[in-house]
Amino acid sequence: MAKNNFKNGSKSSNQNQQANLQKVKGFRDIWGQDYFRQKGAIEKCEDVALYYGFSPLEIPMVEATDIFERGVGEETDIVSKELFSMTTKGGDKISLRPEFTAGVMRAYIENGWASVPQPVMVYNYGPLFRHDKPQKGRYREFKQFNLEMLGTDKAIADAMVIKTSVSMLEEIGIQDVVVEINSIGDKESRKKFIKDLTTYYKKLNNKICANCRERLKTSPLRLLDCKEEQCQQFKKDAPKPMNCLNPESKKHFKEVLEYLEGTGVNYNINHTLVRGLDYYTHTVFEFEKTFSETKENGEVVEKTLSIGGGGRYDYLGKVMGSKKDVPAVGVAIGIDRVLLMPGTENVESKLQKKPKVFFVQIGLEAKLHSLSIVEMLRKARVPMAQSLSKDSLAVQLGMAERLEVPYVLIFGQKEAMDNVVIVRNMSNHSQETIDIDKVVDYIKKLK
Ligand code: HAM
C-alpha cells in the first residue's frame, strides 16, 4: 500500500527537510506570459522557416553519447564539460542532446536521406541541455530554433541560412541585426591556419592564461575564444584564418558575402570568430546583441550575448559514418536569449486571444448551465474569459474590468429560467437581453 506522507504534519515537514524537493539548478519553470512569449517566438521562426522551404524534423532528446563525442568533438566545452550523460540499465551510454546538428546528421545518414532530392532542408526546435554555469541568459535547459541544409556545398545555401535567421530575428522584434562572420576554409586551409596559430601561440606559452596553454595542446582554434584580459592583445595580433584560405575557400567566402550584400544583410567580418564546436569548415557566423541587467544592488550593467550562431560543416557526415561527404550548413537561434533583448517584450503566441466577452454567472441554476454556455462560445470560437468558481457579481465584474473586456454576458437565475442572457457593453454600460441560441451571432456582429 502507498505510504501516506500527509498523515501528520510534523512527519511530512521532516521529510521535506531531508529530501530535495526543489527544481534542479539551472532548470526553470516556464509559465504564464513567459510561456506564451517563447511559444510566440517559436511560431514566428517556424512560419519563416516553412516559407523558405524548410520542413519540420523531430529528433530524440537523447542520443548515444558517441554521437556528440564524435560529432561535436570530445575536446569542446559542450562535450568535455557540459554533457548530461548516463548509462542505461542495459549498459548503453546515452546523453541529453546539447545541440541539434549532430543528431540531425545522424538522422540523415540513418534514414538514407542522401537518396532523396538534395538539399534536405529541415528545422527543429525544443529543449537542449548543457551543464553550463547558470546565470541570466545561460541555463542548463534552454531552447533553440535550429535550421539545417544538408547535401549542398553551394555558397547560396550559407547565405540562405543566414538570411532566414535574420528574418526570424526581425519577426520576433530584434532590429538592426548584424552578422559577425568569418571563414576558416576547407580542410587544407584550416590545417594551415591551425599550424600558423600554434606556432604563434607556442612563442607566448608563458604569457597566456592556463586555459589557453591547455587549448594550445588540445584545441588550438579555441585560443581565439579566450575572454581573459591578459590574452586579448595576443588574440588581436594572432594569425587570421582569412590569410590561410586556399583559392577555393576564398571563392566560397567571397560568394557568400556577395549573396549577403545582394539581399541587404549587414555583416561584419570578425577575424577571431571560430566558434566552439569542432565540425565547422568555411563559413562561421554569429548574431550578437546587448541587453541591460539590473543587479541586486540596483546597478544596471550591459551584457552582450550571442543570440544565435552557425556555419558550414562539410566533413561531419564522414566523421559520423557516411560513405560520402555530406556538405551542409546550419544555424541555431537561442530562444531564451533572444527574448531577453529589447524589442521582444510584446511577443505573443497565436494561441493567445484578447477576450471579447467575460461570462458572469449568478446563482445555482445559472451555474448549472454555465459550462454548456462556455462550450457553445468555445465551439463558435468567441474569445472569452470567465471565473466559474466565483459566485459574487461584483467580484466577477471586477475581473472583467481588469481584463478590459468590451462586453460582459450576465447569466442569473431569471435568465437561466427564460433561456436568455444579458449582454452588457462595458464602455457605455448599455445592455440588451438576447436569446441564448442567438447570442453567438449577436456577439460576432459586435465591434
Ligand atoms: P551554439 O553557438 O552552441 O551553436 O548555440 C546556438 C545558440 O544557442 C547560442 O548562440 C545561444 O543563443 C544559445 N545557447 C547556447 N547555450 C546556451 C545556454 N546555456 N543557455 C541559453 N542559451 C544558450 C549550436 O548549437 C550549433 N549546433 C548551431 C548550428 C546549427 N551550427 C550548424 N547548424
# chains A, B, ... in the order shown; residues from 1 in each chain; ligands from 1

call {"tool": "select_by_dssp", "arguments": {"residues": "region 176-250 of chain A", "states": "helix (DSSP H, G or I)", "output": "VMD selection string"}}
result
chain A and resid 187 to 202 210 to 218 220 to 225 229 to 237 241 to 244 247 to 250

call {"tool": "write_last_selection", "arguments": {"atoms": "N, CA and C atoms", "output": "compact mmCIF listing (two decimals), in the first residue's frame"}}
result
# COMPACT_ATOMS: atom_id res chain seq x y z
N LYS A 187 39.48 21.82 -45.36
CA LYS A 187 40.44 21.06 -44.55
C LYS A 187 41.86 21.63 -44.67
N GLU A 188 42.25 21.86 -45.94
CA GLU A 188 43.63 22.29 -46.20
C GLU A 188 43.89 23.66 -45.56
N SER A 189 42.94 24.60 -45.78
CA SER A 189 43.11 25.95 -45.24
C SER A 189 43.11 25.94 -43.72
N ARG A 190 42.20 25.15 -43.17
CA ARG A 190 42.06 25.05 -41.72
C ARG A 190 43.34 24.48 -41.10
N LYS A 191 43.93 23.48 -41.80
CA LYS A 191 45.16 22.86 -41.30
C LYS A 191 46.29 23.89 -41.26
N LYS A 192 46.38 24.68 -42.33
CA LYS A 192 47.43 25.69 -42.40
C LYS A 192 47.22 26.73 -41.29
N PHE A 193 45.97 27.12 -41.11
CA PHE A 193 45.68 28.13 -40.09
C PHE A 193 46.04 27.61 -38.69
N ILE A 194 45.68 26.36 -38.41
CA ILE A 194 45.97 25.80 -37.08
C ILE A 194 47.49 25.74 -36.86
N LYS A 195 48.21 25.42 -37.95
CA LYS A 195 49.68 25.36 -37.85
C LYS A 195 50.25 26.75 -37.51
N ASP A 196 49.78 27.76 -38.25
CA ASP A 196 50.26 29.14 -38.02
C ASP A 196 49.92 29.61 -36.61
N LEU A 197 48.69 29.28 -36.20
CA LEU A 197 48.21 29.72 -34.88
C LEU A 197 49.03 29.06 -33.77
N THR A 198 49.30 27.76 -33.94
CA THR A 198 50.06 27.02 -32.93
C THR A 198 51.48 27.58 -32.83
N THR A 199 52.10 27.83 -33.97
CA THR A 199 53.47 28.38 -33.97
C THR A 199 53.48 29.72 -33.23
N TYR A 200 52.47 30.55 -33.53
CA TYR A 200 52.39 31.88 -32.92
C TYR A 200 52.21 31.78 -31.40
N TYR A 201 51.28 30.92 -30.96
CA TYR A 201 50.98 30.83 -29.52
C TYR A 201 52.07 30.09 -28.74
N LYS A 202 52.79 29.18 -29.42
CA LYS A 202 53.87 28.46 -28.70
C LYS A 202 54.91 29.45 -28.17
N ALA A 210 46.26 29.90 -18.16
CA ALA A 210 46.39 28.44 -18.02
C ALA A 210 45.46 27.71 -18.99
N ASN A 211 44.24 28.27 -19.16
CA ASN A 211 43.28 27.67 -20.08
C ASN A 211 43.80 27.62 -21.50
N CYS A 212 44.41 28.74 -21.90
CA CYS A 212 44.95 28.82 -23.26
C CYS A 212 46.11 27.84 -23.45
N ARG A 213 46.92 27.68 -22.40
CA ARG A 213 48.04 26.71 -22.50
C ARG A 213 47.48 25.32 -22.78
N GLU A 214 46.34 25.01 -22.14
CA GLU A 214 45.69 23.72 -22.33
C GLU A 214 45.12 23.63 -23.75
N ARG A 215 44.47 24.72 -24.18
CA ARG A 215 43.86 24.73 -25.51
C ARG A 215 44.92 24.58 -26.61
N LEU A 216 46.09 25.15 -26.35
CA LEU A 216 47.19 25.05 -27.33
C LEU A 216 47.51 23.59 -27.61
N LYS A 217 47.36 22.76 -26.57
CA LYS A 217 47.66 21.33 -26.75
C LYS A 217 46.48 20.58 -27.36
N THR A 218 45.24 20.94 -26.94
CA THR A 218 44.09 20.10 -27.31
C THR A 218 43.23 20.65 -28.46
N PRO A 220 43.57 24.13 -30.57
CA PRO A 220 44.16 25.46 -30.77
C PRO A 220 43.18 26.51 -31.29
N LEU A 221 42.16 26.11 -32.10
CA LEU A 221 41.22 27.12 -32.62
C LEU A 221 40.52 27.86 -31.48
N ARG A 222 40.31 27.13 -30.37
CA ARG A 222 39.60 27.71 -29.22
C ARG A 222 40.41 28.80 -28.52
N LEU A 223 41.72 28.93 -28.87
CA LEU A 223 42.52 30.02 -28.30
C LEU A 223 41.87 31.36 -28.62
N LEU A 224 41.20 31.43 -29.76
CA LEU A 224 40.59 32.70 -30.18
C LEU A 224 39.26 32.98 -29.47
N ASP A 225 38.80 32.02 -28.66
CA ASP A 225 37.56 32.22 -27.87
C ASP A 225 37.86 32.80 -26.50
N GLU A 229 41.50 38.83 -19.85
CA GLU A 229 42.08 40.13 -20.20
C GLU A 229 43.52 39.98 -20.72
N GLN A 230 44.33 39.15 -20.00
CA GLN A 230 45.76 39.03 -20.34
C GLN A 230 45.99 38.46 -21.76
N CYS A 231 44.96 37.81 -22.32
CA CYS A 231 45.15 37.18 -23.64
C CYS A 231 44.60 38.01 -24.80
N GLN A 232 43.93 39.12 -24.49
CA GLN A 232 43.23 39.86 -25.55
C GLN A 232 44.17 40.42 -26.62
N GLN A 233 45.32 41.00 -26.18
CA GLN A 233 46.23 41.58 -27.16
C GLN A 233 46.82 40.49 -28.07
N PHE A 234 47.13 39.32 -27.46
CA PHE A 234 47.70 38.21 -28.26
C PHE A 234 46.69 37.75 -29.31
N LYS A 235 45.44 37.76 -28.89
CA LYS A 235 44.36 37.34 -29.79
C LYS A 235 44.27 38.29 -30.98
N LYS A 236 44.39 39.57 -30.64
CA LYS A 236 44.28 40.61 -31.68
C LYS A 236 45.38 40.48 -32.73
N ASP A 237 46.60 40.14 -32.25
CA ASP A 237 47.75 40.07 -33.16
C ASP A 237 47.92 38.68 -33.77
N PRO A 241 42.52 33.56 -39.95
CA PRO A 241 42.18 32.44 -40.84
C PRO A 241 42.07 32.88 -42.29
N MET A 242 41.62 34.11 -42.50
CA MET A 242 41.41 34.64 -43.86
C MET A 242 42.69 34.56 -44.69
N ASN A 243 43.86 34.77 -43.99
CA ASN A 243 45.13 34.76 -44.72
C ASN A 243 45.59 33.35 -45.05
N CYS A 244 44.89 32.34 -44.55
CA CYS A 244 45.29 30.95 -44.81
C CYS A 244 44.35 30.27 -45.80
N PRO A 247 42.56 29.08 -52.70
CA PRO A 247 41.70 29.79 -53.67
C PRO A 247 40.24 29.34 -53.64
N GLU A 248 39.95 28.03 -53.49
CA GLU A 248 38.55 27.57 -53.49
C GLU A 248 37.81 28.10 -52.27
N SER A 249 38.49 28.10 -51.12
CA SER A 249 37.84 28.58 -49.89
C SER A 249 37.58 30.09 -49.99
N LYS A 250 38.56 30.80 -50.59
CA LYS A 250 38.39 32.25 -50.77
C LYS A 250 37.18 32.53 -51.65

call {"tool": "residues_near_ligand", "arguments": {"ligand": "ligand 1", "cutoff": "8 Å", "atoms": "only C-alpha atoms and all ligand atoms", "output": "number ranges by chain"}}
result
A: 78, 98-102, 129-134, 137-144, 146-148, 275-277, 280, 286-288, 305-313, 329-338

call {"tool": "residues_around", "arguments": {"residues": "Gln118 (chain A)", "least_positions_apart": "6", "cutoff": "9 Å", "atoms": "only C-alpha atoms", "output": "MDAnalysis selection string"}}
result
chainID A and resid 149:152

call {"tool": "closest_residue", "arguments": {"among": "A:Pro60, A:Pro355, A:Gly343, A:Gly317", "to": "Gly126 (chain A)", "atoms": "only C-alpha atoms"}}
result
A:Pro60

call {"tool": "atom_distance", "arguments": {"atom1": "CA of Glu401 (chain A)", "atom2": "CA of Lys367 (chain A)"}}
result
21.0 Å

call {"tool": "closest_atom_pairs", "arguments": {"of": "region 348-375 of chain A", "to": "region 29-49 of chain A", "cutoff": "8 Å", "atoms": "only C-alpha atoms", "output": "tab-separated table"}}
result
residue	atom	partner	partner_atom	distance
A:Glu348	CA	A:Gly40	CA	4.9
A:Ser349	CA	A:Gly40	CA	3.7
A:Lys350	CA	A:Gly40	CA	6.7
A:Gln352	CA	A:Phe36	CA	7.6

call {"tool": "select_by_dssp", "arguments": {"residues": "region 41-286 of chain A", "states": "strand (DSSP E or B)", "output": "PyMOL selection string"}}
result
chain A and resi 55-56+62-64+85-87+93-96+120-129+135+138+141-150+178-183+266-269+281-286

call {"tool": "residues_around", "arguments": {"residues": "Thr76 (chain A)", "least_positions_apart": "2", "cutoff": "8 Å", "atoms": "only C-alpha atoms", "output": "ChimeraX atom specification"}}
result
/A:72-74,78-81,219,276-278

call {"tool": "residues_around", "arguments": {"residues": "Ser427 (chain A)", "least_positions_apart": "6", "cutoff": "12 Å", "atoms": "only C-alpha atoms", "output": "list in words"}}
result
Ala400, Glu401, Glu404, Val405, Pro406, Tyr407, Val408 and Lys447 of chain A

call {"tool": "decode", "arguments": {"residues": "region 397-409 of chain A", "atoms": "all heavy atoms", "output": "PDB file, in the first residue's frame"}}
result
ATOM      1  N   LEU A 397     -17.527  41.050 -12.065  1.00  0.00           N
ATOM      2  CA  LEU A 397     -17.471  42.283 -12.873  1.00  0.00           C
ATOM      3  C   LEU A 397     -16.116  42.977 -12.706  1.00  0.00           C
ATOM      4  O   LEU A 397     -15.564  43.529 -13.663  1.00  0.00           O
ATOM      5  CB  LEU A 397     -18.597  43.244 -12.482  1.00  0.00           C
ATOM      6  CG  LEU A 397     -19.987  42.882 -13.014  1.00  0.00           C
ATOM      7  CD1 LEU A 397     -21.036  43.857 -12.521  1.00  0.00           C
ATOM      8  CD2 LEU A 397     -20.007  42.831 -14.553  1.00  0.00           C
ATOM      9  N   GLY A 398     -15.594  42.904 -11.488  1.00  0.00           N
ATOM     10  CA  GLY A 398     -14.270  43.491 -11.218  1.00  0.00           C
ATOM     11  C   GLY A 398     -13.214  42.827 -12.087  1.00  0.00           C
ATOM     12  O   GLY A 398     -12.340  43.488 -12.667  1.00  0.00           O
ATOM     13  N   MET A 399     -13.297  41.508 -12.215  1.00  0.00           N
ATOM     14  CA  MET A 399     -12.320  40.781 -13.053  1.00  0.00           C
ATOM     15  C   MET A 399     -12.472  41.207 -14.512  1.00  0.00           C
ATOM     16  O   MET A 399     -11.482  41.413 -15.220  1.00  0.00           O
ATOM     17  CB  MET A 399     -12.544  39.271 -12.942  1.00  0.00           C
ATOM     18  CG  MET A 399     -12.167  38.730 -11.591  1.00  0.00           C
ATOM     19  SD  MET A 399     -12.612  37.003 -11.437  1.00  0.00           S
ATOM     20  CE  MET A 399     -11.139  36.262 -12.051  1.00  0.00           C
ATOM     21  N   ALA A 400     -13.727  41.344 -14.973  1.00  0.00           N
ATOM     22  CA  ALA A 400     -13.980  41.745 -16.363  1.00  0.00           C
ATOM     23  C   ALA A 400     -13.371  43.121 -16.623  1.00  0.00           C
ATOM     24  O   ALA A 400     -12.757  43.357 -17.669  1.00  0.00           O
ATOM     25  CB  ALA A 400     -15.472  41.764 -16.632  1.00  0.00           C
ATOM     26  N   GLU A 401     -13.499  44.026 -15.629  1.00  0.00           N
ATOM     27  CA  GLU A 401     -12.948  45.373 -15.806  1.00  0.00           C
ATOM     28  C   GLU A 401     -11.430  45.333 -15.886  1.00  0.00           C
ATOM     29  O   GLU A 401     -10.825  45.986 -16.724  1.00  0.00           O
ATOM     30  CB  GLU A 401     -13.387  46.269 -14.653  1.00  0.00           C
ATOM     31  CG  GLU A 401     -14.506  47.208 -15.099  1.00  0.00           C
ATOM     32  CD  GLU A 401     -15.247  47.841 -13.943  1.00  0.00           C
ATOM     33  OE1 GLU A 401     -14.590  48.196 -12.949  1.00  0.00           O
ATOM     34  OE2 GLU A 401     -16.481  47.940 -14.051  1.00  0.00           O
ATOM     35  N   ARG A 402     -10.832  44.528 -15.000  1.00  0.00           N
ATOM     36  CA  ARG A 402      -9.359  44.437 -15.007  1.00  0.00           C
ATOM     37  C   ARG A 402      -8.854  43.904 -16.347  1.00  0.00           C
ATOM     38  O   ARG A 402      -7.832  44.318 -16.855  1.00  0.00           O
ATOM     39  CB  ARG A 402      -8.880  43.532 -13.874  1.00  0.00           C
ATOM     40  CG  ARG A 402      -8.576  44.309 -12.587  1.00  0.00           C
ATOM     41  CD  ARG A 402      -7.703  43.513 -11.640  1.00  0.00           C
ATOM     42  NE  ARG A 402      -8.253  42.209 -11.295  1.00  0.00           N
ATOM     43  CZ  ARG A 402      -9.247  42.024 -10.425  1.00  0.00           C
ATOM     44  NH1 ARG A 402      -9.790  43.042  -9.810  1.00  0.00           N
ATOM     45  NH2 ARG A 402      -9.689  40.804 -10.158  1.00  0.00           N
ATOM     46  N   LEU A 403      -9.604  42.993 -16.929  1.00  0.00           N
ATOM     47  CA  LEU A 403      -9.196  42.415 -18.219  1.00  0.00           C
ATOM     48  C   LEU A 403      -9.530  43.342 -19.399  1.00  0.00           C
ATOM     49  O   LEU A 403      -9.172  43.044 -20.535  1.00  0.00           O
ATOM     50  CB  LEU A 403      -9.888  41.060 -18.447  1.00  0.00           C
ATOM     51  CG  LEU A 403      -9.395  39.897 -17.598  1.00  0.00           C
ATOM     52  CD1 LEU A 403     -10.285  38.673 -17.825  1.00  0.00           C
ATOM     53  CD2 LEU A 403      -7.952  39.543 -17.956  1.00  0.00           C
ATOM     54  N   GLU A 404     -10.243  44.441 -19.100  1.00  0.00           N
ATOM     55  CA  GLU A 404     -10.664  45.408 -20.130  1.00  0.00           C
ATOM     56  C   GLU A 404     -11.437  44.732 -21.253  1.00  0.00           C
ATOM     57  O   GLU A 404     -11.208  44.982 -22.444  1.00  0.00           O
ATOM     58  CB  GLU A 404      -9.455  46.182 -20.674  1.00  0.00           C
ATOM     59  CG  GLU A 404      -8.787  47.006 -19.603  1.00  0.00           C
ATOM     60  CD  GLU A 404      -7.545  47.729 -20.085  1.00  0.00           C
ATOM     61  OE1 GLU A 404      -7.109  47.454 -21.218  1.00  0.00           O
ATOM     62  OE2 GLU A 404      -7.039  48.551 -19.330  1.00  0.00           O
ATOM     63  N   VAL A 405     -12.353  43.862 -20.843  1.00  0.00           N
ATOM     64  CA  VAL A 405     -13.171  43.134 -21.811  1.00  0.00           C
ATOM     65  C   VAL A 405     -14.298  44.059 -22.306  1.00  0.00           C
ATOM     66  O   VAL A 405     -14.953  44.700 -21.495  1.00  0.00           O
ATOM     67  CB  VAL A 405     -13.766  41.883 -21.120  1.00  0.00           C
ATOM     68  CG1 VAL A 405     -14.739  41.161 -22.016  1.00  0.00           C
ATOM     69  CG2 VAL A 405     -12.646  40.959 -20.706  1.00  0.00           C
ATOM     70  N   PRO A 406     -14.525  44.154 -23.614  1.00  0.00           N
ATOM     71  CA  PRO A 406     -15.538  45.113 -24.082  1.00  0.00           C
ATOM     72  C   PRO A 406     -16.986  44.740 -23.735  1.00  0.00           C
ATOM     73  O   PRO A 406     -17.811  45.627 -23.574  1.00  0.00           O
ATOM     74  CB  PRO A 406     -15.334  45.153 -25.601  1.00  0.00           C
ATOM     75  CG  PRO A 406     -14.494  43.986 -25.937  1.00  0.00           C
ATOM     76  CD  PRO A 406     -13.760  43.562 -24.715  1.00  0.00           C
ATOM     77  N   TYR A 407     -17.274  43.420 -23.623  1.00  0.00           N
ATOM     78  CA  TYR A 407     -18.660  43.015 -23.336  1.00  0.00           C
ATOM     79  C   TYR A 407     -18.685  41.983 -22.207  1.00  0.00           C
ATOM     80  O   TYR A 407     -17.772  41.157 -22.104  1.00  0.00           O
ATOM     81  CB  TYR A 407     -19.329  42.406 -24.581  1.00  0.00           C
ATOM     82  CG  TYR A 407     -19.350  43.380 -25.726  1.00  0.00           C
ATOM     83  CD1 TYR A 407     -18.368  43.343 -26.717  1.00  0.00           C
ATOM     84  CD2 TYR A 407     -20.335  44.372 -25.802  1.00  0.00           C
ATOM     85  CE1 TYR A 407     -18.360  44.259 -27.744  1.00  0.00           C
ATOM     86  CE2 TYR A 407     -20.326  45.306 -26.832  1.00  0.00           C
ATOM     87  CZ  TYR A 407     -19.338  45.240 -27.792  1.00  0.00           C
ATOM     88  OH  TYR A 407     -19.318  46.170 -28.798  1.00  0.00           O
ATOM     89  N   VAL A 408     -19.771  42.057 -21.411  1.00  0.00           N
ATOM     90  CA  VAL A 408     -19.948  41.063 -20.354  1.00  0.00           C
ATOM     91  C   VAL A 408     -21.284  40.358 -20.591  1.00  0.00           C
ATOM     92  O   VAL A 408     -22.288  41.001 -20.923  1.00  0.00           O
ATOM     93  CB  VAL A 408     -19.923  41.747 -18.966  1.00  0.00           C
ATOM     94  CG1 VAL A 408     -20.415  40.803 -17.881  1.00  0.00           C
ATOM     95  CG2 VAL A 408     -18.514  42.211 -18.626  1.00  0.00           C
ATOM     96  N   LEU A 409     -21.278  39.039 -20.462  1.00  0.00           N
ATOM     97  CA  LEU A 409     -22.543  38.278 -20.539  1.00  0.00           C
ATOM     98  C   LEU A 409     -22.979  37.995 -19.114  1.00  0.00           C
ATOM     99  O   LEU A 409     -22.207  37.393 -18.353  1.00  0.00           O
ATOM    100  CB  LEU A 409     -22.330  36.944 -21.267  1.00  0.00           C
ATOM    101  CG  LEU A 409     -21.736  36.982 -22.670  1.00  0.00           C
ATOM    102  CD1 LEU A 409     -21.736  35.578 -23.272  1.00  0.00           C
ATOM    103  CD2 LEU A 409     -22.533  37.925 -23.561  1.00  0.00           C
TER     104      LEU A 409
END
